[in-house]
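Reproduced below: upload.tsv, with TSV, C-alpha atoms and all ligand atoms.
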```
chain	number	residue	atom	x	y	z
A	16	MET	CA	-12.63	-10.95	14.67
A	17	ASP	CA	-15.58	-12.69	12.95
A	18	ASN	CA	-14.12	-14.59	10.02
A	19	LYS	CA	-16.92	-17.12	9.46
A	20	LYS	CA	-17.49	-16.10	5.84
A	21	LEU	CA	-13.84	-16.61	4.90
A	22	ALA	CA	-12.06	-19.77	3.78
A	23	PHE	CA	-9.33	-18.76	6.25
A	24	PHE	CA	-8.05	-15.76	8.18
A	25	ILE	CA	-4.37	-15.95	9.07
A	26	ASP	CA	-3.23	-13.35	11.59
A	27	LEU	CA	0.54	-13.04	11.52
A	28	LYS	CA	0.09	-10.49	14.32
A	29	PRO	CA	2.16	-7.50	13.24
A	30	ALA	CA	3.41	-6.95	16.80
A	31	VAL	CA	3.37	-3.97	19.15
A	32	GLU	CA	7.10	-4.64	19.76
A	33	ASP	CA	7.73	-4.13	16.06
A	34	PHE	CA	6.03	-0.76	16.27
A	35	SER	CA	7.97	0.24	19.37
A	36	THR	CA	11.29	-0.92	17.89
A	37	ALA	CA	10.60	0.83	14.60
A	38	VAL	CA	9.68	4.09	16.34
A	39	ALA	CA	12.83	3.98	18.50
A	40	HIS	CA	14.95	3.21	15.46
A	41	GLY	CA	13.33	5.90	13.30
A	42	LEU	CA	13.61	8.63	15.93
A	43	SER	CA	17.31	7.77	16.42
A	44	GLN	CA	18.03	8.55	12.77
A	45	SER	CA	19.14	11.87	11.42
A	46	PRO	CA	16.91	13.11	9.86
A	47	LYS	CA	14.25	11.42	11.97
A	48	GLU	CA	11.80	9.09	10.24
A	49	LEU	CA	8.82	6.82	10.92
A	50	PRO	CA	7.80	4.00	8.53
A	51	CYS	CA	4.56	4.73	6.66
A	52	ARG	CA	3.13	1.24	7.26
A	53	PHE	CA	2.27	2.45	10.78
A	54	PHE	CA	-0.28	4.90	9.40
A	55	TYR	CA	-2.57	1.96	8.90
A	56	ASP	CA	-4.76	0.80	11.76
A	57	GLU	CA	-8.56	0.85	11.61
A	58	ALA	CA	-8.68	4.66	11.84
A	59	GLY	CA	-5.77	5.11	9.41
A	60	SER	CA	-7.37	2.85	6.81
A	61	ALA	CA	-10.66	4.77	7.14
A	62	LEU	CA	-8.77	8.05	6.68
A	63	PHE	CA	-7.04	6.66	3.59
A	64	GLU	CA	-10.44	5.83	2.11
A	65	LYS	CA	-11.51	9.43	2.74
A	66	ILE	CA	-8.36	10.67	1.00
A	67	CYS	CA	-9.24	8.51	-2.02
A	68	GLU	CA	-12.58	10.32	-2.30
A	69	THR	CA	-11.14	13.83	-2.29
A	70	GLU	CA	-11.07	15.97	-5.41
A	71	GLU	CA	-7.32	16.51	-5.03
A	72	TYR	CA	-6.32	12.83	-4.84
A	73	TYR	CA	-6.58	12.01	-8.55
A	74	VAL	CA	-4.74	8.67	-8.04
A	75	THR	CA	-7.74	6.50	-7.13
A	76	ARG	CA	-10.07	7.95	-9.76
A	77	ALA	CA	-7.46	7.62	-12.50
A	78	GLU	CA	-6.58	4.04	-11.58
A	79	LYS	CA	-10.21	2.90	-11.25
A	80	ALA	CA	-11.15	4.37	-14.62
A	81	LEU	CA	-8.10	2.83	-16.28
A	82	LEU	CA	-8.68	-0.55	-14.64
A	83	THR	CA	-12.32	-0.54	-15.73
A	84	ARG	CA	-11.23	0.09	-19.34
A	85	ILE	CA	-8.48	-2.54	-19.46
A	86	ALA	CA	-9.91	-5.24	-17.16
A	87	PRO	CA	-11.05	-7.39	-20.14
A	88	GLU	CA	-7.50	-7.24	-21.53
A	89	ILE	CA	-6.04	-8.23	-18.17
A	90	ALA	CA	-8.52	-11.11	-18.00
A	91	ALA	CA	-7.55	-12.27	-21.49
A	92	ILE	CA	-3.85	-12.35	-20.59
A	93	ALA	CA	-4.41	-13.97	-17.17
A	94	GLY	CA	-6.70	-16.72	-18.45
A	95	PRO	CA	-9.37	-18.62	-16.48
A	96	GLY	CA	-9.30	-19.97	-12.94
A	97	CYS	CA	-6.83	-17.51	-11.38
A	98	SER	CA	-6.24	-17.13	-7.67
A	99	VAL	CA	-5.78	-13.43	-7.06
A	100	VAL	CA	-3.30	-12.43	-4.34
A	101	GLU	CA	-3.71	-8.74	-3.48
A	102	LEU	CA	-1.03	-6.81	-1.60
A	103	GLY	CA	-2.58	-3.98	0.47
A	104	THR	CA	-6.35	-4.08	0.14
A	105	GLY	CA	-7.75	-0.68	1.06
A	106	SER	CA	-11.21	-0.23	-0.42
A	107	ASN	CA	-12.77	-3.05	-2.41
A	108	ALA	CA	-13.52	-0.98	-5.48
A	109	LYS	CA	-10.54	-2.13	-7.53
A	110	ILE	CA	-10.67	-5.84	-6.71
A	111	ARG	CA	-14.39	-5.87	-7.62
A	112	ILE	CA	-13.53	-4.55	-11.09
A	113	LEU	CA	-10.87	-7.22	-11.53
A	114	LEU	CA	-12.87	-10.16	-10.15
A	115	ASN	CA	-15.86	-9.20	-12.31
A	116	ALA	CA	-13.68	-9.24	-15.43
A	117	LEU	CA	-11.66	-12.43	-14.78
A	118	ALA	CA	-12.98	-15.72	-16.12
A	119	ALA	CA	-14.05	-17.93	-13.20
A	120	PRO	CA	-11.51	-16.71	-10.63
A	121	SER	CA	-11.04	-19.49	-8.09
A	122	ALA	CA	-9.66	-17.66	-5.06
A	123	TYR	CA	-8.98	-14.19	-3.66
A	124	ILE	CA	-6.31	-13.74	-0.99
A	125	PRO	CA	-5.77	-10.19	0.27
A	126	ILE	CA	-2.73	-9.46	2.45
A	127	ASP	CA	-2.77	-6.34	4.62
A	128	ILE	CA	-1.27	-5.04	7.83
A	129	SER	CA	-4.52	-3.35	8.89
A	130	GLY	CA	-6.41	-6.32	10.35
A	131	VAL	CA	-9.87	-4.97	11.19
A	132	HIS	CA	-10.20	-3.21	7.86
A	133	LEU	CA	-8.89	-6.28	6.02
A	134	LEU	CA	-11.39	-8.61	7.65
A	135	ALA	CA	-14.32	-6.32	6.83
A	136	ALA	CA	-13.17	-5.82	3.22
A	137	ALA	CA	-12.46	-9.52	2.62
A	138	THR	CA	-15.79	-10.55	4.15
A	139	GLU	CA	-17.66	-8.19	1.81
A	140	ILE	CA	-15.96	-9.79	-1.19
A	141	ALA	CA	-16.69	-13.30	0.13
A	142	VAL	CA	-20.40	-12.43	0.32
A	143	GLU	CA	-20.48	-10.76	-3.11
A	144	PHE	CA	-18.50	-13.49	-4.89
A	145	PRO	CA	-19.75	-16.80	-3.40
A	146	ASP	CA	-17.97	-18.85	-6.08
A	147	VAL	CA	-14.59	-17.40	-5.15
A	148	ALA	CA	-12.77	-18.86	-2.11
A	149	VAL	CA	-11.75	-15.80	-0.08
A	150	GLY	CA	-9.05	-16.11	2.58
A	151	ALA	CA	-7.18	-13.19	4.14
A	152	ILE	CA	-3.72	-12.78	5.63
A	153	CYS	CA	-3.08	-10.04	8.18
A	154	GLY	CA	0.63	-9.31	8.07
A	155	ASP	CA	3.48	-7.24	6.73
A	156	PHE	CA	4.04	-8.01	3.05
A	157	VAL	CA	7.47	-6.36	2.96
A	158	GLY	CA	9.54	-9.34	4.10
A	159	MET	CA	7.26	-11.99	2.58
A	160	THR	CA	9.04	-14.41	0.29
A	161	ALA	CA	6.22	-16.95	0.12
A	162	LEU	CA	2.63	-17.33	1.23
A	163	PRO	CA	2.32	-18.75	4.77
A	164	GLU	CA	2.44	-22.53	4.98
A	165	GLY	CA	-0.90	-24.22	4.51
A	166	VAL	CA	-2.42	-21.51	2.30
A	167	ASN	CA	-4.06	-23.37	-0.54
A	168	THR	CA	-4.38	-21.23	-3.65
A	169	GLY	CA	-5.90	-24.00	-5.75
A	170	SER	CA	-4.58	-25.50	-8.95
A	171	GLY	CA	-4.93	-22.48	-11.25
A	172	PRO	CA	-2.29	-19.81	-11.83
A	173	LYS	CA	-1.79	-17.03	-9.29
A	174	LEU	CA	-2.34	-13.43	-10.28
A	175	GLY	CA	-0.68	-10.83	-8.06
A	176	PHE	CA	-2.55	-7.52	-7.72
A	177	PHE	CA	-0.85	-4.47	-6.22
A	178	PRO	CA	-2.90	-1.35	-6.96
A	179	GLY	CA	-2.87	2.14	-5.46
A	180	SER	CA	0.76	2.90	-6.35
A	181	THR	CA	1.70	1.50	-2.94
A	182	ILE	CA	4.95	0.47	-4.67
A	183	GLY	CA	5.75	4.21	-4.72
A	184	ASN	CA	6.14	4.12	-0.94
A	185	PHE	CA	9.43	2.29	-1.43
A	186	GLU	CA	12.48	4.09	-2.75
A	187	PRO	CA	13.44	2.60	-6.14
A	188	ASP	CA	16.25	0.37	-4.79
A	189	VAL	CA	13.97	-0.98	-2.07
A	190	ALA	CA	11.11	-1.36	-4.57
A	191	ARG	CA	13.40	-3.47	-6.78
A	192	GLU	CA	14.30	-5.78	-3.88
A	193	PHE	CA	10.68	-5.95	-2.76
A	194	LEU	CA	9.47	-6.88	-6.26
A	195	SER	CA	12.19	-9.47	-6.55
A	196	ARG	CA	11.10	-11.09	-3.25
A	197	THR	CA	7.46	-10.94	-4.28
A	198	ARG	CA	8.22	-13.32	-7.17
A	199	GLY	CA	8.40	-15.94	-4.39
A	200	VAL	CA	4.85	-15.15	-3.23
A	201	LEU	CA	3.76	-15.86	-6.81
A	202	GLY	CA	4.94	-18.88	-8.76
A	203	PRO	CA	6.77	-19.45	-12.05
A	204	GLY	CA	4.87	-18.01	-15.01
A	205	ASP	CA	2.35	-16.13	-12.81
A	206	GLY	CA	1.10	-12.61	-13.61
A	207	PHE	CA	1.45	-9.50	-11.48
A	208	VAL	CA	-0.77	-6.46	-12.09
A	209	ILE	CA	0.67	-3.37	-10.50
A	210	GLY	CA	-0.60	0.22	-10.44
A	211	VAL	CA	2.08	2.90	-10.66
A	212	ASP	CA	1.51	6.64	-10.41
A	213	LEU	CA	3.26	8.76	-13.05
A	214	LYS	CA	5.32	11.93	-12.91
A	215	LYS	CA	3.23	15.00	-13.59
A	216	ASP	CA	2.68	18.67	-12.92
A	217	VAL	CA	4.06	19.56	-9.46
A	218	THR	CA	1.00	21.62	-8.52
A	219	ARG	CA	-1.31	18.63	-8.94
A	220	LEU	CA	1.10	16.33	-7.12
A	221	THR	CA	1.41	18.70	-4.18
A	222	ALA	CA	-2.35	19.29	-3.97
A	223	ALA	CA	-3.02	15.53	-3.95
A	224	TYR	CA	-1.18	15.21	-0.61
A	225	ASN	CA	-2.54	18.43	0.90
A	226	ASP	CA	-6.32	18.03	0.54
A	227	ALA	CA	-8.36	20.99	1.77
A	228	ALA	CA	-10.51	18.82	4.04
A	229	GLY	CA	-7.40	17.81	6.01
A	230	TYR	CA	-7.74	14.02	5.65
A	231	THR	CA	-4.09	13.60	4.58
A	232	ALA	CA	-2.94	15.70	7.53
A	233	ALA	CA	-4.98	13.52	9.91
A	234	PHE	CA	-3.66	10.38	8.18
A	235	ASN	CA	-0.07	11.60	8.61
A	236	LYS	CA	-0.69	12.37	12.28
A	237	ASN	CA	-2.29	8.95	12.81
A	238	VAL	CA	1.17	7.52	13.45
A	239	LEU	CA	1.44	9.93	16.42
A	240	VAL	CA	-2.04	8.92	17.58
A	241	ARG	CA	-0.94	5.28	17.50
A	242	MET	CA	2.25	6.10	19.43
A	243	ARG	CA	0.08	7.74	22.08
A	244	ASN	CA	-2.53	4.98	22.23
A	245	GLU	CA	-0.40	1.87	21.74
A	246	LEU	CA	3.00	2.86	23.12
A	247	GLY	CA	1.86	5.26	25.85
A	248	VAL	CA	3.92	8.14	24.46
A	249	ALA	CA	2.76	11.57	25.69
A	250	ILE	CA	2.31	13.58	22.48
A	251	ASP	CA	0.47	16.81	21.81
A	252	LEU	CA	-0.79	16.47	18.21
A	253	ASP	CA	-1.23	20.23	17.92
A	254	GLN	CA	2.52	20.63	18.28
A	255	PHE	CA	3.07	18.90	14.92
A	256	GLU	CA	2.24	20.15	11.43
A	257	HIS	CA	1.57	18.04	8.34
A	258	MET	CA	3.96	18.85	5.48
A	259	ALA	CA	3.86	17.35	1.97
A	260	PHE	CA	5.90	18.54	-1.01
A	261	PHE	CA	7.44	17.24	-4.21
A	262	ASN	CA	11.16	16.45	-4.11
A	263	GLU	CA	12.09	16.95	-7.77
A	264	ALA	CA	15.58	15.42	-7.51
A	265	LYS	CA	14.15	12.17	-6.10
A	266	SER	CA	10.88	12.32	-8.07
A	267	ARG	CA	8.78	11.73	-5.00
A	268	VAL	CA	6.17	13.41	-2.85
A	269	GLU	CA	7.48	13.43	0.71
A	270	MET	CA	5.33	13.65	3.82
A	271	HIS	CA	6.77	14.94	7.07
A	272	LEU	CA	5.61	15.96	10.52
A	273	ARG	CA	7.16	19.27	11.55
A	274	SER	CA	7.68	19.90	15.22
A	275	LEU	CA	6.20	23.31	16.05
A	276	ARG	CA	8.27	23.67	19.19
A	277	THR	CA	11.25	22.19	20.97
A	278	GLN	CA	9.99	19.00	22.57
A	279	ASP	CA	11.01	15.58	23.85
A	280	ILE	CA	9.39	12.27	23.01
A	281	ALA	CA	9.80	9.69	25.77
A	282	LEU	CA	9.49	6.06	24.71
A	283	GLY	CA	10.18	3.56	27.50
A	284	SER	CA	13.60	4.43	28.88
A	285	GLN	CA	14.60	6.44	25.80
A	286	THR	CA	14.06	10.15	25.14
A	287	PHE	CA	14.22	11.69	21.68
A	288	HIS	CA	14.77	15.41	21.36
A	289	LEU	CA	13.05	17.42	18.65
A	290	ALA	CA	14.19	20.93	17.82
A	291	LYS	CA	11.64	23.56	16.79
A	292	ASN	CA	10.89	23.05	13.05
A	293	GLU	CA	12.64	19.68	12.99
A	294	MET	CA	10.93	17.29	10.61
A	295	ILE	CA	10.08	13.61	10.98
A	296	HIS	CA	9.98	12.00	7.53
A	297	THR	CA	6.91	9.75	7.41
A	298	GLU	CA	6.26	8.76	3.78
A	299	ASN	CA	7.59	8.80	0.23
A	300	SER	CA	5.36	8.42	-2.82
A	301	CYS	CA	7.75	7.92	-5.73
A	302	LYS	CA	6.51	8.93	-9.17
A	303	TYR	CA	7.79	7.06	-12.22
A	304	THR	CA	7.81	7.29	-15.98
A	305	VAL	CA	6.37	4.25	-17.73
A	306	GLU	CA	9.82	3.37	-19.07
A	307	ASP	CA	11.60	3.81	-15.71
A	308	PHE	CA	9.19	1.43	-13.99
A	309	LYS	CA	9.42	-1.10	-16.79
A	310	VAL	CA	13.22	-1.14	-16.43
A	311	LEU	CA	12.92	-1.47	-12.63
A	312	SER	CA	10.54	-4.43	-12.95
A	313	GLU	CA	12.91	-6.15	-15.38
A	314	GLN	CA	15.80	-5.60	-12.97
A	315	ALA	CA	13.61	-7.28	-10.32
A	316	GLY	CA	13.35	-10.35	-12.54
A	317	PHE	CA	9.89	-9.86	-14.04
A	318	ASP	CA	9.02	-9.98	-17.73
A	319	PRO	CA	6.98	-6.91	-18.69
A	320	ILE	CA	4.01	-8.17	-20.73
A	321	GLU	CA	1.82	-5.08	-21.21
A	322	VAL	CA	1.40	-1.57	-19.88
A	323	TRP	CA	-1.57	0.77	-20.09
A	324	THR	CA	-1.99	4.45	-19.18
A	325	ASP	CA	-5.05	6.68	-19.01
A	326	GLU	CA	-5.62	9.38	-21.64
A	327	ARG	CA	-4.25	12.11	-19.41
A	328	HIS	CA	-1.16	10.03	-18.70
A	329	ASP	CA	-1.77	10.33	-14.96
A	330	PHE	CA	-1.45	6.67	-14.04
A	331	SER	CA	-0.07	3.39	-15.39
A	332	ILE	CA	-0.95	-0.25	-14.87
A	333	HIS	CA	1.77	-2.79	-15.68
A	334	TYR	CA	1.15	-6.47	-16.38
A	335	LEU	CA	4.32	-8.33	-15.38
A	336	ARG	CA	5.04	-12.04	-15.40
A	337	THR	CA	7.46	-14.15	-13.39
A	338	PRO	CA	9.79	-16.25	-15.56
A	339	GLY	CA	8.17	-19.65	-16.27
B	401	LIG	C1	-1.66	3.26	-0.34
B	401	LIG	S1	-2.79	2.16	0.40
B	401	LIG	C2	-3.50	1.45	-1.05
B	401	LIG	C3	-4.79	0.77	-0.78
B	401	LIG	C4	-5.46	0.13	-1.98
B	401	LIG	N1	-4.67	-0.97	-2.50
B	401	LIG	C5	-5.75	1.11	-3.07
B	401	LIG	O1	-5.43	0.81	-4.20
B	401	LIG	O2	-6.33	2.16	-2.81
B	401	LIG	C6	-1.72	0.92	1.03
B	401	LIG	C7	-2.40	-0.33	1.58
B	401	LIG	O3	-1.38	-1.28	1.90
B	401	LIG	C8	-1.43	-1.62	3.28
B	401	LIG	N2	-0.04	-1.72	3.72
B	401	LIG	C9	0.87	-0.70	3.77
B	401	LIG	N3	2.07	-1.16	4.15
B	401	LIG	C10	1.91	-2.51	4.34
B	401	LIG	C11	2.80	-3.55	4.73
B	401	LIG	N4	4.08	-3.31	4.99
B	401	LIG	N5	2.31	-4.82	4.80
B	401	LIG	C12	1.00	-5.07	4.54
B	401	LIG	N6	0.12	-4.12	4.18
B	401	LIG	C13	0.57	-2.86	4.07
B	401	LIG	C14	-2.24	-0.56	3.97
B	401	LIG	O4	-2.91	-1.02	5.11
B	401	LIG	C15	-3.18	-0.12	2.85
B	401	LIG	O5	-4.34	-0.90	2.82
```
Whole structure, structure tokens version:
Amino acid sequence: MDNKKLAFFIDLKPAVEDFSTAVAHGLSQSPKELPCRFFYDEAGSALFEKICETEEYYVTRAEKALLTRIAPEIAAIAGPGCSVVELGTGSNAKIRILLNALAAPSAYIPIDISGVHLLAAATEIAVEFPDVAVGAICGDFVGMTALPEGVNTGSGPKLGFFPGSTIGNFEPDVAREFLSRTRGVLGPGDGFVIGVDLKKDVTRLTAAYNDAAGYTAAFNKNVLVRMRNELGVAIDLDQFEHMAFFNEAKSRVEMHLRSLRTQDIALGSQTFHLAKNEMIHTENSCKYTVEDFKVLSEQAGFDPIEVWTDERHDFSIHYLRTPG
């Protein structure tokens, strides 16, 4: 990877063994499951960007418009000289809006599991914002309790940035623990800007995860593609169907891969049997009310400072702060 434009590039090497272990573990469960972080390699990240551009996926449009409107308010609360730590980078559109609004941001440190995409995205920002020290960390943010040793975030305050409603991928109990741990990545008195998708009409929710162009289906199946390419698993993609629906009781959109026939998946010395129509649960996207998320963030030890929603009440952005 060419990281010459970056202040640093730390590769924590999210390992192939982790993938293999996670797949074996997930396929041993009943119902079967696969963690959604494995959607994201170079191809998966590119597919996610395509999803963000679809008519059906209102999430990105709503969050970008809201962020553009409130960025000056975020900047006023955050103050000058912030080092922005972004969890899960994706496209650069949102960080550009934030960096343009902040007063003299000193550093930008994106953390993402999808290394090639991360390097390209971080390098673009380094070129566009020469006064901001950009350093990237390729790794899994789930277990992170602090930034890796040696990462210098400068003397200003840190500002966490977690857009895209990625927090919705965790079930609420897990989200609470994750947020609590993330306080360690930030410091006392630091801000955390987090985008959270809101509960809404089921038809729109369902459509958002079933785009007509089929990008979400391809994204869902990318975990199978990775199993084939990286773990040597013999898989016929056509024997799986993308399924996404709203689970009202759990207030979440669930993605699954449905097996279209009886089949076995052989991984190393293990074989996992799939019945016809058996589902592998691949992703949750939990949808919150503004109040529910505020309560959850307080339970995770954050002080809620401000919250904004768009006019249609599609999306919310919360400004939280770690206790000083
Ligand atoms: C739902 S996308 C959101 C992307 C972007 N932040 C946005 O707002 O559109 C989730 C992002 O987080 C990254 N990601 C997912 N799970 C991760 C994990 N466990 N550790 C690090 N990065 C992860 C993905 O590679 C992807 O870039």
Margin query: Nearest residue to ligand LIG 401 (chain B) out of A:Thr83, A:Ser300, A:Ser35, A:Asn292, using all atoms listed in the file?
Written below: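 Comparing A:Thr83, A:Ser300, A:Ser35, A:Asn292 against ligand LIG 401 (chain B), the winner is A:Ser300.
Considering only C-alpha atoms, the residue among A:Phe34, A:Phe177, A:Tyr123, A:Tyr55 positioned nearest to Leu102 (chain A) is A:Phe177.
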Considering all atoms listed in the file, give me a table of residues in chain A that are at most 7 Å from ligand LIG 401 (chain B), with the closest atom pair and distance in Å for each, as CSV.
```
residue,atom,partner,partner_atom,distance
A:Cys51,CA,B:LIG401,N3,6.9
A:Arg52,CA,B:LIG401,N3,4.1
A:Tyr55,CA,B:LIG401,O4,4.8
A:Ser60,CA,B:LIG401,O4,6.1
A:Phe63,CA,B:LIG401,S1,7.0
A:Thr75,CA,B:LIG401,O2,6.3
A:Leu102,CA,B:LIG401,N6,6.5
A:Gly103,CA,B:LIG401,O3,3.3
A:Thr104,CA,B:LIG401,N1,4.4
A:Gly105,CA,B:LIG401,C3,3.8
A:Ser106,CA,B:LIG401,O2,5.9
A:Lys109,CA,B:LIG401,O1,6.8
A:Ile126,CA,B:LIG401,C12,6.1
A:Asp127,CA,B:LIG401,N6,3.7
A:Ile128,CA,B:LIG401,C12,4.0
A:Ser129,CA,B:LIG401,O4,4.7
A:Gly154,CA,B:LIG401,C12,5.5
A:Asp155,CA,B:LIG401,N5,3.3
A:Phe156,CA,B:LIG401,N5,4.0
A:Val157,CA,B:LIG401,N4,5.0
A:Phe177,CA,B:LIG401,N1,6.4
A:Pro178,CA,B:LIG401,O1,4.3
A:Gly179,CA,B:LIG401,O1,3.1
A:Ser180,CA,B:LIG401,C1,6.5
A:Thr181,CA,B:LIG401,C1,4.6
```
Item checked: Exercise: Leu134 (chain A) partners within 10 Å, all atoms listed in the file, chain neighbours under 3 positions left out, as number ranges by chain -> A: 16-18, 20-21, 24, 125, 127, 129-131, 137-139, 150-153
Item checked: Residue neighbourhood Asp146 (chain A), 9 Å, all atoms listed in the file, exclusion window fewer than 6 positions, as a ChimeraX atom specification -> /A:119-122
Item checked: Nearest to Glu256 (chain A) by atom-to-atom distance, counting only C-alpha atoms, from A:Ala118, A:Leu113, A:Ile295, A:Ala290 -> A:Ile295
Next item on the list: Could you jot down the CA of Gly175 (chain A) to CA of Ala90 (chain A) separation for me, Å, one decimal place?
Entry: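 Distance between the two atoms: 12.7 Å.
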If we draw a sphere of 10 Å around (4.2, 7.4, 4.0), which residues have at least one atom in it when counting only C-alpha atoms? Please report them as a compact mmCIF listing (two decimals) with C-alpha atoms, in the frame of the given file.
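Result saved to part_2.txt:
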```txt
# COMPACT_ATOMS: atom_id res chain seq x y z
CA GLU A 48 11.80 9.09 10.24
CA LEU A 49 8.82 6.82 10.92
CA PRO A 50 7.80 4.00 8.53
CA CYS A 51 4.56 4.73 6.66
CA ARG A 52 3.13 1.24 7.26
CA PHE A 53 2.27 2.45 10.78
CA PHE A 54 -0.28 4.90 9.40
CA TYR A 55 -2.57 1.96 8.90
CA THR A 181 1.70 1.50 -2.94
CA GLY A 183 5.75 4.21 -4.72
CA ASN A 184 6.14 4.12 -0.94
CA PHE A 185 9.43 2.29 -1.43
CA PHE A 234 -3.66 10.38 8.18
CA ASN A 235 -0.07 11.60 8.61
CA VAL A 238 1.17 7.52 13.45
CA VAL A 268 6.17 13.41 -2.85
CA GLU A 269 7.48 13.43 0.71
CA MET A 270 5.33 13.65 3.82
CA HIS A 271 6.77 14.94 7.07
CA HIS A 296 9.98 12.00 7.53
CA THR A 297 6.91 9.75 7.41
CA GLU A 298 6.26 8.76 3.78
CA ASN A 299 7.59 8.80 0.23
CA SER A 300 5.36 8.42 -2.82
```
Next item on the list: To one decimal in Å, tell me the separation between CA of Gly202 (chain A) and CA of Ala86 (chain A).
Entry: 21.8 Å
Margin query: One decimal, in Å: what's the spacing between CA of Asp212 (chain A) and CA of Glu143 (chain A)?
Written below: 29.0 Å
Notebook entry, point to check: Do you know which residues lie at most 10 Å from (4.3, -12.1, -6.5), with coordinates as in the file and all atoms listed in the file counted, and could you write them as a ChimeraX atom specification?
Noted result: /A:100-102,159-162,173-177,193-203,205-208,317,335-337
Rebuild N, CA and C atoms on region 76-88 of chain A, as a compact mmCIF listing (two decimals), keeping the file's coordinate frame?
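Final output, out-v5.txt:
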```txt
# COMPACT_ATOMS: atom_id res chain seq x y z
N ARG A 76 -9.16 7.79 -8.61
CA ARG A 76 -10.07 7.95 -9.76
C ARG A 76 -9.41 7.49 -11.05
N ALA A 77 -8.17 7.94 -11.26
CA ALA A 77 -7.46 7.62 -12.50
C ALA A 77 -7.26 6.11 -12.61
N GLU A 78 -6.86 5.48 -11.51
CA GLU A 78 -6.58 4.04 -11.58
C GLU A 78 -7.86 3.23 -11.78
N LYS A 79 -8.94 3.64 -11.10
CA LYS A 79 -10.21 2.90 -11.25
C LYS A 79 -10.73 2.98 -12.68
N ALA A 80 -10.65 4.19 -13.25
CA ALA A 80 -11.15 4.37 -14.62
C ALA A 80 -10.30 3.55 -15.59
N LEU A 81 -8.99 3.59 -15.39
CA LEU A 81 -8.10 2.83 -16.28
C LEU A 81 -8.35 1.33 -16.14
N LEU A 82 -8.46 0.88 -14.89
CA LEU A 82 -8.68 -0.55 -14.64
C LEU A 82 -10.00 -1.02 -15.27
N THR A 83 -11.02 -0.18 -15.14
CA THR A 83 -12.32 -0.54 -15.73
C THR A 83 -12.17 -0.73 -17.25
N ARG A 84 -11.41 0.15 -17.87
CA ARG A 84 -11.23 0.09 -19.34
C ARG A 84 -10.45 -1.16 -19.75
N ILE A 85 -9.40 -1.49 -18.99
CA ILE A 85 -8.48 -2.54 -19.46
C ILE A 85 -8.73 -3.91 -18.81
N ALA A 86 -9.68 -3.98 -17.88
CA ALA A 86 -9.91 -5.24 -17.16
C ALA A 86 -10.13 -6.43 -18.11
N PRO A 87 -10.89 -6.24 -19.22
CA PRO A 87 -11.05 -7.39 -20.14
C PRO A 87 -9.72 -7.84 -20.74
N GLU A 88 -8.82 -6.87 -20.99
CA GLU A 88 -7.50 -7.24 -21.53
C GLU A 88 -6.67 -8.00 -20.49
```
